[in-house]
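K.L.:
This structure is in structure tokens; I'll ask about it shortly.
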Protein chains: 2
Amino acid sequence: MANESSVVARVVLQQCLHARLQVKPPDVENEAEWVEINRGMVIYVCFFKGATEDIITKIVNTLLNMKLCETDSGKYTSVLELPGSVLIVPQATLGGKPKGKGMQYHANIGKDDGQKLYASFVAHCEKELSLSCKCTEAGTDVKHGTYGNRQVLKLDTNGPYTHLMEF
Amino acid sequence: MANESSVVARVVLQQCLHARLQVKPPDVENEAEWVEINRGMVIYVCFFKGATEDIITKIVNTLLNMKLCETDSGKYTSVLELPGSVLIVPQATLGGKPKGKGMQYHANIGKDDGQKLYASFVAHCEKELSLSCKCTEAGTDVKHGTYGNRQVLKLDTNGPYTHLMEF
């Protein structure tokens, strides 16, 4: 497995045509609340112990500029250049390490630190898309799940092109 | 990144309530063909150079017996015990290693060997589910994508609980 002590974040990326994520579960009085994006990238992110604020800029710049998005002509470009939207899904399960028939999450960052890094990650993504003329002209969005919640996700793809990246 | 030479397979796992995968694209005369599963597990799989037939049994047994599936009471159990269905998605992009702003796939297994291993992987999953009384009684299924094709996927989850496993 790859969670050597030097790895501070693990990210899985999938392309989508449409994705919908529950950000507030239903309760007695209210229906569930959802966020959604159209064409773009779903980013599942997990931080490990040792992750610090100074790594966030590098991670976000790398993810948003990697040529992982398929254009209409079948070439690859970044989500900023596509331009596409971004849905960020906190996904602590990505930090799991098999032990017997179960998964252990000993390498995962603590809740408070993870929440801060996640908020910073979201803010950096929002900033980068807002600085991209292509994204603002096209009206692309950054949407994100609530840290620590169940991530009820519905995904529609033209091929997810699932990628793994570690930092 | 984790694709040291010793890693022969990388797998991403997601839980689903329903998943639908295109197995034949539409053409002039015919509509697209799809396979689908209800509750169960989506297995995205990528083989690296050095992967051989003798590893398949171990991988399949591990994946199908890991407690990654949420029961109605919120506990975790294996897909065989749930019992749930399995959708297998060949996903060569999982073998990518970042180089500049693009991904390289030099560590991925060659097409012919990959196709054979993939077919064996599918056959082993089918066999294991067919040997499970719980699965046969519940009528759970193994469905899979076509190796080398675009994997047009639609996924509906109650939380994907994305896991990474390497062998």
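Identifiers for the structure tokens are assigned positionally: chains receive A, B, ... in sequence, residues are indexed from 1 per chain, and ligands are indexed from 1 in the order shown.
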Which residues in region 11-165 of chain A does DSSP call helix (DSSP H, G or I)? List them as a PyMOL selection string.
P.N.:
chain A and resi 53-65+92-95+111-131+133-138
K.L.:
Residues of chain A within 7 Å of chain B, counting only C-alpha atoms, what are they? List them as a count of residues only.
P.N.:
28
K.L.:
Give me every strand (DSSP E or B) residue in chain A, going by DSSP on the backbone, as a PyMOL selection string.
P.N.:
chain A and resi 9-16+18-24+33-37+40-48+69-70+76-77+85-90+97-99+102-104+108+142-144+153-156+163-166
K.L.:
So that I can see what lies close to region 52-55 of chain B, please list as a tab-separated table (two decimals) with N, CA, C and O atoms, in the first residue's frame the residues with an atom at most 9 Å from it, counting only C-alpha atoms and leaving out residues fewer than 5 positions away in the same chain.
P.N.:
```tsv
chain	number	residue	atom	x	y	z
B	8	VAL	N	1.41	-4.87	-8.66
B	8	VAL	CA	0.98	-5.46	-9.93
B	8	VAL	C	-0.48	-5.14	-10.27
B	8	VAL	O	-0.90	-5.36	-11.41
B	60	VAL	N	-9.11	-11.33	-5.96
B	60	VAL	CA	-10.57	-11.48	-5.94
B	60	VAL	C	-11.05	-11.89	-4.55
B	60	VAL	O	-12.01	-11.32	-4.02
B	113	ASP	N	-1.94	-9.10	-22.49
B	113	ASP	CA	-1.84	-9.66	-21.13
B	113	ASP	C	-2.92	-9.06	-20.22
B	113	ASP	O	-3.52	-9.78	-19.41
B	116	LYS	N	-6.29	-10.71	-20.87
B	116	LYS	CA	-6.38	-12.06	-20.29
B	116	LYS	C	-6.60	-12.00	-18.78
B	116	LYS	O	-7.42	-12.72	-18.22
B	117	LEU	N	-5.83	-11.14	-18.11
B	117	LEU	CA	-5.97	-11.02	-16.66
B	117	LEU	C	-7.34	-10.49	-16.28
B	117	LEU	O	-7.95	-10.93	-15.30
B	120	SER	N	-9.85	-13.21	-16.59
B	120	SER	CA	-9.70	-14.13	-15.47
B	120	SER	C	-10.28	-13.52	-14.19
B	120	SER	O	-10.95	-14.21	-13.40
B	121	PHE	N	-10.02	-12.23	-13.99
B	121	PHE	CA	-10.55	-11.51	-12.83
B	121	PHE	C	-12.08	-11.59	-12.81
B	121	PHE	O	-12.69	-11.91	-11.78
B	167	PHE	N	-2.03	-4.41	-4.89
B	167	PHE	CA	-1.55	-5.79	-4.70
B	167	PHE	C	-0.19	-5.95	-5.37
B	167	PHE	O	0.15	-5.19	-6.25
```
